[in-house]
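**Student:** Dropping the structure in here first, questions after.
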2 protein chains.
Amino acid sequence: MSTYDDLAARAQRLDEADPLARFRDAFVDSADVVAYLDGNSLGRPVRATRDRLSAFIDGAWGDRLIRSWDEQWFHAPTEVGDRLGALTLGAAPGQVIVADSTTVMLYKLIRAAVDNAAERNEIVVDTGNFPTDRFVVEGIAAERGLVLRWIDPDPVAGVGVDDVRAVLGPRTGLVLLSHVAFRSGAVADLPTITAAAHEAGALVLWDLCHSAGALDVQLDAAGADLAVGCTYKYLNGGPGSPAFGYVSQMAQDRVAQPIQGWMGAADPFAMGHSYAGAAGIRQFVSGTPPVLAMQPMVDMLDLIEEAGIATIREKSIALTGFAIEVADELLAPHGVVLSSPREAARRGSHVLLDHPDFREVTARLWEVGVIPDFRPPTGLRVGLSPLSTSFAEVVRGLEETRRLLA
Amino acid sequence: MSTYDDLAARAQRLDEADPLARFRDAFVDSADVVAYLDGNSLGRPVRATRDRLSAFIDGAWGDRLIRSWDEQWFHAPTEVGDRLGALTLGAAPGQVIVADSTTVMLYKLIRAAVDNAAERNEIVVDTGNFPTDRFVVEGIAAERGLVLRWIDPDPVAGVGVDDVRAVLGPRTGLVLLSHVAFRSGAVADLPTITAAAHEAGALVLWDLCHSAGALDVQLDAAGADLAVGCTYKYLNGGPGSPAFGYVSQMAQDRVAQPIQGWMGAADPFAMGHSYAGAAGIRQFVSGTPPVLAMQPMVDMLDLIEEAGIATIREKSIALTGFAIEVADELLAPHGVVLSSPREAARRGSHVLLDHPDFREVTARLWEVGVIPDFRPPTGLRVGLSPLSTSFAEVVRGLEETRRLLA
């Protein structure tokens with residue numbers, strides 16, 4: 001047997017033994033895709049979402065019409081938020097809302113953190129953070145006259161606590177980091193870095209875009225302050241689905257967000273003369289909640305509830321571990337380098353491989369129904385969505401990669 | 001025959017003669033609603049939306065997966081925006097985007113207008129504007145050290161050009177007004193007020209929430225600068241559907257928005273080190289476009305294209321005119337006062353009636369399937385969505401109101 005045959009047989013055994021295998025049928029299939037390795041950019045739709053949206057149109061929207069705002073929709077940002085908090089973020093009720101885009105939520109929570117930070121005029125951020133995080137914080141720094149203290153992390157290992165400690169100081173107001181790096185997938189040590197920032201008197205805002213729904217994020221246990229994330233990756237909310245924002249109970253008393261909208265006011269329908277923010281997490285809502293756009297993620301939350309986030313994380317580790325093993329066997333001989341951490345605990349749910357030809361290879365992989373992501377300059381990013389990705393897809397996708405390189 | 005019978009017969013004749021009557025079948029029905037008079041808060045779903053969303057889940061999302069971003073979604077904010085501009089706003093291509101909530105879009109465009117206004121540190125706004133407009137601008141004024149110059153308009157007639165002229169001055173940077181007042185439905189003289197503001201060297205930001213899809217708004221012809229609006233009223237986008245923003249070609253060179261996100265960057269997938277805004281209207285996009293949430297409004301744009309906005313406006317005027325006639329006949333004898341302009345050209349697509357008992361009456365109307373809106377302190381707001389509301393509904397709804405008052 002060839003190496004490939006061995007690995008394919010191993011994949012089959014792993015799929016057979018996978019306690020979450022049955023969840024794959026819960027997702028809509030794509031006719032021409034043989035290996036979808038980009039669920040970390042856009043998760044597949046849950047099959048139930050088709051019926052949920054039809055029922056929503058006929059029922060809550062079409063039949064109940066405006067009455068649904070009183071009956072259920074008004075509380076959607078906090079109700080879906082609480083559920084997301086409980087199932088995936090380790091957040092007690094009253095700390096999570098679903099609203100806005102990730103970019104807008106980042107803007108609101110960064111501003112919330114720095115606006116009242118007085119002489120703490122420095123924000124710590126890393127050059128490896130996702131572009132929108134860097135762009136937003138650059139804009140805020142320019143507008144508010146703040147200083148950005150840049151960390152230039154190791155591209156594979158990501159940001160470590162020592163990197164953060166090196167730039168923390170008495171003027172640090174906020175540390176803005178991704179929990180899982182969007183390129184390497186390295187997992188930052190959220191509890192330790194949070195504690196280090198707190199020792200220095202700073203708040204931390206965690207970007208959970210590549211964590212939520214795949215990792216067991218324990219925000220409350222870590223004493224986290226602020227977090228944001230998107231819901232179209234491992235939460236399968238669909239293209240451009242709303243973001244979420246977490247503001248810890250303690251931070252809620254210390255910060256205020258700048259986009260004062262009627263849906264975050266204490267009594268929106270009083271149509272009063274001046275803004276008075278609602279109590280608690282509600283004050284972080286600005287405009288009319290994107291209720292229709294929240295529906296698909298609810299189906300995914302149902303699946304996550306059934307599977308359990310700890311089991312999902314185990315599958316994620318198994319998938320990335322297998323992807324690394326396959327890459328070592330099939331791709332390393334062709335000069336492919338692993339650019340993600342090898343330790344299980346340091347890996348998110350995607351793996352980055354580098355090779356000078358990967359831009360062209362990715363384009364050709366797409367043509368044969370193998371769909372990873374390309375990340376400049378030379379990265380092939382293999383995203384593994386625990387509930388919808390099989391081990392067979394991993395080996396199939398990487399074997400096609402090998403063939404194209406060979 | 002009683003007055004009611006006369007009016008009901010008139011309604012029947014009007015419905016029979018209505019050139020847009022056939023469009024009513026294009027909307028989802030509600031089982032228990034006999035008169036839906038709140039399409040100006042939440043438009044009914046278009047029947048085609050059910051199939052569009054199912055096809056979207058199976059096709060663009062579920063089958064094409066991440067590839068749809070390249071194939072079509074990336075340009076959705078400007079493509080849907082251009083269509084909205086052409087069909088309802090009188091805006092040439094390249095000036096409208098669909099994104100964010102109305103509140104967030106207001107924040108972005110107000111900031112865009114005032115951030116670089118140098119010594120022009122005053123914003124003109126009226127006390128009758130919708131709460132979120134006032135709340136957002138209050139927040140911005142507090143944050144930027146700007147002065148709000150309040151107009152206190154006549155509650156029926158709304159803001160006139162003389163009201164605006166009285167507070168315009170060399171320090172005015174921005175005038176923020178609603179085109180159609182959310183309470184009285186009064187239509188502001190958009191071209192004249194825009195010209196007056198320009199004479200004073202100020203920009204104008206028009207809130208079109210109660211205009212878009214019902215009135216023939218001629219933004220380009222008026223030389224407008226900036227506008228925002230929502231799409232869940234007369235554009236039937238569903239609860240919390242995304243907002244739109246208009247920035248005239250000329251204004252695009254003068255203003256910049258504060259929420260610098262990757263999807264408004266010149267080359268989002270370069271994942272570059274610093275933000276460089278895209279050319280043109282695209283720079284006003286911040287986060288990932290809410291593509292799924294844009295789908296329902298596309299069905300309504302199809303209907304608007306078929307009906308034509310001028311014909312829609314005629315029907316709107318006929319509906320509000322008939323509502324006023326019915327209110328005069330049936331409700332005035334019970335002490336109900338019309339709080340909307342009587343002239344056709346000054347009326348939007350809703351009518352406000354006042355009576356001290358209307359809070360309680362509205363609650364009882366809802367119980368019998370007549371659904372207007374209550375607006376404190378004593379307003380019954382009758383919203384008339386031109387493509388989905390019949391004349392029969394108007395008379396039925398106001399007759400129930402009469403019965404409850406009697």
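Labeling convention for the structure tokens: chains A, B, ... as they appear, residues from 1 per chain, ligands from 1 in order of appearance.
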Write out as JSON, numbers by chain each polymer residue whose atoms come within 12 Å of Ile304 (chain B), counting only C-alpha atoms; drop sequence neighbours fewer than 6 positions from it.
**Tutor:** {"B": [20, 23, 26, 46, 83, 84, 85, 86, 87, 88, 89, 212, 213, 214, 215, 216, 234, 235, 236, 297, 298, 310, 311, 312, 313, 385, 386, 387, 388]}
**Student:** Name all residues at most 8 Å from region 220-225 of chain A (count only C-alpha atoms; drop same-chain ones fewer than 5 positions away) and give them as a list in words.
**Tutor:** Gly90, Ala91, Ala92, Leu190, Pro191, Thr194, Ala195, Leu203, Val204, Leu205, Tyr246, Val247, Ser248, Met250 and Ala251 of chain A
**Student:** Would you pick out the contacts of Asp253 (chain B) at 12 Å or less, using only C-alpha atoms, so that residues sharing its chain but fewer than 5 positions from it are not included, and give the list as an NGL selection string?
**Tutor:** :B and (95 or 112-113 or 116 or 225 or 247-248 or 277-281 or 283-284)
**Student:** Would you save the residues of that selection, restricted to N, CA and C atoms, as a PDB file, in the first residue's frame?
**Tutor:**
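Ended up saving to result32.pdb:
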```
ATOM      1  N   GLN B  95     -23.093  55.701  -5.780  1.00  0.00           N
ATOM      2  CA  GLN B  95     -23.333  56.629  -4.672  1.00  0.00           C
ATOM      3  C   GLN B  95     -24.095  56.005  -3.500  1.00  0.00           C
ATOM      4  N   ALA B 112     -18.511  61.492   9.194  1.00  0.00           N
ATOM      5  CA  ALA B 112     -17.858  61.839   7.930  1.00  0.00           C
ATOM      6  C   ALA B 112     -18.036  63.321   7.627  1.00  0.00           C
ATOM      7  N   ALA B 113     -19.232  63.821   7.895  1.00  0.00           N
ATOM      8  CA  ALA B 113     -19.525  65.221   7.569  1.00  0.00           C
ATOM      9  C   ALA B 113     -18.832  66.196   8.510  1.00  0.00           C
ATOM     10  N   ASN B 116     -14.116  66.675   9.340  1.00  0.00           N
ATOM     11  CA  ASN B 116     -13.179  67.569   8.662  1.00  0.00           C
ATOM     12  C   ASN B 116     -13.782  68.939   8.402  1.00  0.00           C
ATOM     13  N   ASP B 225     -26.219  65.791  -0.531  1.00  0.00           N
ATOM     14  CA  ASP B 225     -24.873  65.375  -0.147  1.00  0.00           C
ATOM     15  C   ASP B 225     -24.869  63.947   0.396  1.00  0.00           C
ATOM     16  N   VAL B 247     -23.819  58.740  -0.509  1.00  0.00           N
ATOM     17  CA  VAL B 247     -22.829  59.815  -0.442  1.00  0.00           C
ATOM     18  C   VAL B 247     -22.638  60.278  -1.881  1.00  0.00           C
ATOM     19  N   SER B 248     -22.999  61.518  -2.152  1.00  0.00           N
ATOM     20  CA  SER B 248     -22.937  62.011  -3.532  1.00  0.00           C
ATOM     21  C   SER B 248     -21.509  61.961  -4.041  1.00  0.00           C
ATOM     22  N   GLY B 277      -8.317  53.347   2.032  1.00  0.00           N
ATOM     23  CA  GLY B 277      -9.713  53.220   1.643  1.00  0.00           C
ATOM     24  C   GLY B 277      -9.869  52.970   0.153  1.00  0.00           C
ATOM     25  N   ALA B 278     -10.923  52.230  -0.182  1.00  0.00           N
ATOM     26  CA  ALA B 278     -11.245  51.996  -1.582  1.00  0.00           C
ATOM     27  C   ALA B 278     -11.638  53.314  -2.235  1.00  0.00           C
ATOM     28  N   ALA B 279     -11.632  53.332  -3.557  1.00  0.00           N
ATOM     29  CA  ALA B 279     -12.106  54.507  -4.274  1.00  0.00           C
ATOM     30  C   ALA B 279     -13.628  54.561  -4.198  1.00  0.00           C
ATOM     31  N   GLY B 280     -14.160  55.764  -4.266  1.00  0.00           N
ATOM     32  CA  GLY B 280     -15.605  55.933  -4.404  1.00  0.00           C
ATOM     33  C   GLY B 280     -16.407  55.484  -3.201  1.00  0.00           C
ATOM     34  N   ILE B 281     -17.642  55.087  -3.451  1.00  0.00           N
ATOM     35  CA  ILE B 281     -18.608  54.782  -2.398  1.00  0.00           C
ATOM     36  C   ILE B 281     -18.180  53.567  -1.565  1.00  0.00           C
ATOM     37  N   GLN B 283     -15.571  52.904  -0.002  1.00  0.00           N
ATOM     38  CA  GLN B 283     -14.858  53.240   1.234  1.00  0.00           C
ATOM     39  C   GLN B 283     -15.794  53.414   2.421  1.00  0.00           C
ATOM     40  N   PHE B 284     -17.103  53.533   2.142  1.00  0.00           N
ATOM     41  CA  PHE B 284     -18.051  53.707   3.241  1.00  0.00           C
ATOM     42  C   PHE B 284     -18.547  52.371   3.790  1.00  0.00           C
TER      43      PHE B 284
END
```
**Student:** Looking at only C-alpha atoms, which of A:Gly287, A:Gly160, A:Gly59, A:Gly264 is the one that sits closest to chain B?
**Tutor:**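 Ranked by minimum distance to chain B, first place goes to A:Gly287.
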**Student:** Taking only C-alpha atoms into account, which residues of chain B are within 6 Å of chain A, as number ranges by chain?
**Tutor:** B: 28, 30, 42, 44-45, 50, 54, 62-63, 66, 101, 103, 131-132, 135-136, 239-241, 260-262, 271, 275, 287-293
**Student:** Output the selection as a PDB file, in the first residue's frame - N, CA and C atoms for each residue.
**Tutor:**
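File written: part00.pdb
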```pdb
ATOM      1  N   VAL B  28     -46.997  37.963   1.383  1.00  0.00           N
ATOM      2  CA  VAL B  28     -47.492  36.917   2.282  1.00  0.00           C
ATOM      3  C   VAL B  28     -48.659  37.471   3.094  1.00  0.00           C
ATOM      4  N   SER B  30     -51.400  37.448   6.301  1.00  0.00           N
ATOM      5  CA  SER B  30     -51.467  37.130   7.724  1.00  0.00           C
ATOM      6  C   SER B  30     -52.873  36.630   8.022  1.00  0.00           C
ATOM      7  N   LEU B  42     -42.834  47.802   9.669  1.00  0.00           N
ATOM      8  CA  LEU B  42     -42.286  46.554   9.140  1.00  0.00           C
ATOM      9  C   LEU B  42     -43.129  46.138   7.954  1.00  0.00           C
ATOM     10  N   ARG B  44     -44.622  43.859   4.931  1.00  0.00           N
ATOM     11  CA  ARG B  44     -44.917  42.439   4.776  1.00  0.00           C
ATOM     12  C   ARG B  44     -43.830  41.761   3.942  1.00  0.00           C
ATOM     13  N   PRO B  45     -43.611  40.458   4.150  1.00  0.00           N
ATOM     14  CA  PRO B  45     -42.676  39.767   3.251  1.00  0.00           C
ATOM     15  C   PRO B  45     -43.265  39.606   1.851  1.00  0.00           C
ATOM     16  N   ARG B  50     -39.493  33.671   0.082  1.00  0.00           N
ATOM     17  CA  ARG B  50     -39.367  32.301   0.599  1.00  0.00           C
ATOM     18  C   ARG B  50     -38.495  31.468  -0.346  1.00  0.00           C
ATOM     19  N   SER B  54     -34.549  30.017   0.070  1.00  0.00           N
ATOM     20  CA  SER B  54     -34.255  28.582  -0.085  1.00  0.00           C
ATOM     21  C   SER B  54     -33.214  28.358  -1.173  1.00  0.00           C
ATOM     22  N   GLY B  62     -24.863  27.287  -0.024  1.00  0.00           N
ATOM     23  CA  GLY B  62     -24.580  25.881   0.252  1.00  0.00           C
ATOM     24  C   GLY B  62     -23.779  25.187  -0.841  1.00  0.00           C
ATOM     25  N   ASP B  63     -24.012  25.552  -2.093  1.00  0.00           N
ATOM     26  CA  ASP B  63     -23.345  24.860  -3.187  1.00  0.00           C
ATOM     27  C   ASP B  63     -22.050  25.567  -3.590  1.00  0.00           C
ATOM     28  N   ILE B  66     -17.704  29.361  -0.227  1.00  0.00           N
ATOM     29  CA  ILE B  66     -16.860  30.558  -0.170  1.00  0.00           C
ATOM     30  C   ILE B  66     -16.632  31.177  -1.555  1.00  0.00           C
ATOM     31  N   SER B 101     -26.618  48.919  10.287  1.00  0.00           N
ATOM     32  CA  SER B 101     -27.959  49.344  10.685  1.00  0.00           C
ATOM     33  C   SER B 101     -28.079  50.834  10.375  1.00  0.00           C
ATOM     34  N   THR B 103     -28.755  53.171  12.393  1.00  0.00           N
ATOM     35  CA  THR B 103     -28.064  53.893  13.458  1.00  0.00           C
ATOM     36  C   THR B 103     -26.563  53.976  13.201  1.00  0.00           C
ATOM     37  N   PRO B 131     -35.892  59.312  17.321  1.00  0.00           N
ATOM     38  CA  PRO B 131     -34.980  59.225  18.464  1.00  0.00           C
ATOM     39  C   PRO B 131     -33.562  58.806  18.114  1.00  0.00           C
ATOM     40  N   THR B 132     -33.411  57.779  17.272  1.00  0.00           N
ATOM     41  CA  THR B 132     -32.037  57.304  17.062  1.00  0.00           C
ATOM     42  C   THR B 132     -31.183  58.379  16.390  1.00  0.00           C
ATOM     43  N   PHE B 135     -30.307  60.714  19.220  1.00  0.00           N
ATOM     44  CA  PHE B 135     -29.384  60.085  20.165  1.00  0.00           C
ATOM     45  C   PHE B 135     -27.968  59.999  19.590  1.00  0.00           C
ATOM     46  N   VAL B 136     -27.888  59.589  18.336  1.00  0.00           N
ATOM     47  CA  VAL B 136     -26.573  59.445  17.708  1.00  0.00           C
ATOM     48  C   VAL B 136     -25.874  60.797  17.630  1.00  0.00           C
ATOM     49  N   PRO B 239     -37.217  42.069   9.367  1.00  0.00           N
ATOM     50  CA  PRO B 239     -36.815  42.709  10.626  1.00  0.00           C
ATOM     51  C   PRO B 239     -35.301  42.870  10.756  1.00  0.00           C
ATOM     52  N   GLY B 240     -34.880  44.117  10.913  1.00  0.00           N
ATOM     53  CA  GLY B 240     -33.462  44.390  11.101  1.00  0.00           C
ATOM     54  C   GLY B 240     -32.636  44.266   9.839  1.00  0.00           C
ATOM     55  N   SER B 241     -33.293  44.367   8.675  1.00  0.00           N
ATOM     56  CA  SER B 241     -32.524  44.299   7.419  1.00  0.00           C
ATOM     57  C   SER B 241     -31.562  45.489   7.353  1.00  0.00           C
ATOM     58  N   GLN B 260     -12.952  52.259   9.837  1.00  0.00           N
ATOM     59  CA  GLN B 260     -12.100  51.720   8.778  1.00  0.00           C
ATOM     60  C   GLN B 260     -12.068  50.202   8.822  1.00  0.00           C
ATOM     61  N   GLY B 261     -12.830  49.568   7.946  1.00  0.00           N
ATOM     62  CA  GLY B 261     -12.852  48.106   7.977  1.00  0.00           C
ATOM     63  C   GLY B 261     -12.279  47.494   6.720  1.00  0.00           C
ATOM     64  N   TRP B 262     -11.993  46.214   6.798  1.00  0.00           N
ATOM     65  CA  TRP B 262     -11.320  45.557   5.666  1.00  0.00           C
ATOM     66  C   TRP B 262     -12.160  45.560   4.402  1.00  0.00           C
ATOM     67  N   MET B 271      -4.590  41.849   2.566  1.00  0.00           N
ATOM     68  CA  MET B 271      -4.322  41.725   4.002  1.00  0.00           C
ATOM     69  C   MET B 271      -3.129  42.601   4.392  1.00  0.00           C
ATOM     70  N   TYR B 275      -4.448  50.611   6.525  1.00  0.00           N
ATOM     71  CA  TYR B 275      -5.691  50.850   5.810  1.00  0.00           C
ATOM     72  C   TYR B 275      -5.507  51.890   4.723  1.00  0.00           C
ATOM     73  N   GLY B 287     -17.564  46.551   7.632  1.00  0.00           N
ATOM     74  CA  GLY B 287     -17.383  45.122   7.860  1.00  0.00           C
ATOM     75  C   GLY B 287     -17.885  44.272   6.703  1.00  0.00           C
ATOM     76  N   THR B 288     -17.906  42.984   6.936  1.00  0.00           N
ATOM     77  CA  THR B 288     -18.376  42.021   5.938  1.00  0.00           C
ATOM     78  C   THR B 288     -19.836  42.311   5.590  1.00  0.00           C
ATOM     79  N   PRO B 289     -20.144  42.478   4.310  1.00  0.00           N
ATOM     80  CA  PRO B 289     -21.510  42.841   3.911  1.00  0.00           C
ATOM     81  C   PRO B 289     -22.544  41.791   4.340  1.00  0.00           C
ATOM     82  N   PRO B 290     -23.678  42.245   4.824  1.00  0.00           N
ATOM     83  CA  PRO B 290     -24.737  41.330   5.276  1.00  0.00           C
ATOM     84  C   PRO B 290     -25.509  40.759   4.082  1.00  0.00           C
ATOM     85  N   VAL B 291     -24.885  39.849   3.380  1.00  0.00           N
ATOM     86  CA  VAL B 291     -25.416  39.388   2.093  1.00  0.00           C
ATOM     87  C   VAL B 291     -26.742  38.646   2.241  1.00  0.00           C
ATOM     88  N   LEU B 292     -26.807  37.721   3.194  1.00  0.00           N
ATOM     89  CA  LEU B 292     -28.069  36.982   3.351  1.00  0.00           C
ATOM     90  C   LEU B 292     -29.199  37.952   3.691  1.00  0.00           C
ATOM     91  N   ALA B 293     -28.914  38.889   4.556  1.00  0.00           N
ATOM     92  CA  ALA B 293     -29.954  39.824   5.009  1.00  0.00           C
ATOM     93  C   ALA B 293     -30.365  40.814   3.919  1.00  0.00           C
TER      94      ALA B 293
END
```
**Student:** Could you pull the residues within 7 Å of Leu148 (chain B), counting only C-alpha atoms, minus those fewer than 3 positions along the same chain, as a list in words?
**Tutor:**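 In the requested form, the answer reads Glu122, Ile123, Val124, Val125 and Ala141 of chain B.
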**Student:** So how many Å separate CA of Ala11 (chain A) and CA of Ala392 (chain A), to one decimal?
**Tutor:** 5.1 Å
**Student:** With only C-alpha atoms as the counted atoms, please give the residues lying no more than 12 Å from Arg364 (chain B), apart from itself and same-chain residues fewer than 5 positions off, as a count of residues only.
**Tutor:** 16
**Student:** Give me, as a list in words, all polymer residues having an atom no more than 10 Å from His334 (chain A), counting only C-alpha atoms and skipping those fewer than 4 positions away in the same chain.
**Tutor:**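 So the residues in contact are Ala327, Asp328, Glu329, Leu330, His355, Arg402, Leu405 and Ala406 of chain A.
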**Student:** Looking only at helix (DSSP H, G or I) from DSSP on the backbone, list the matching residues of region 106-308 of chain A as a VMD selection string.
**Tutor:** chain A and resid 106 to 115 131 to 144 161 to 167 190 to 199 219 to 222 249 to 252 262 to 264 268 to 270 280 to 284 291 to 307
**Student:** What is the CA of Trp150 (chain B)-CA of Ala344 (chain B) distance in Å, reported with one decimal?
**Tutor:** 27.4 Å
**Student:** Between CA of Ala8 (chain B) and CA of Gly379 (chain B), measure the distance and give it in Å to one decimal.
**Tutor:**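 Spanning CA of Ala8 (chain B) to CA of Gly379 (chain B) is a straight-line distance of 24.1 Å.
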**Student:** I'd like the neighbourhood of His179 (chain A) as an NGL selection string, where a residue qualifies if any of its atoms comes within 8 Å (using only C-alpha atoms), though same-chain residues fewer than 5 positions away should be ignored.
**Tutor:** :A and (187-190 or 206-208 or 210-211)
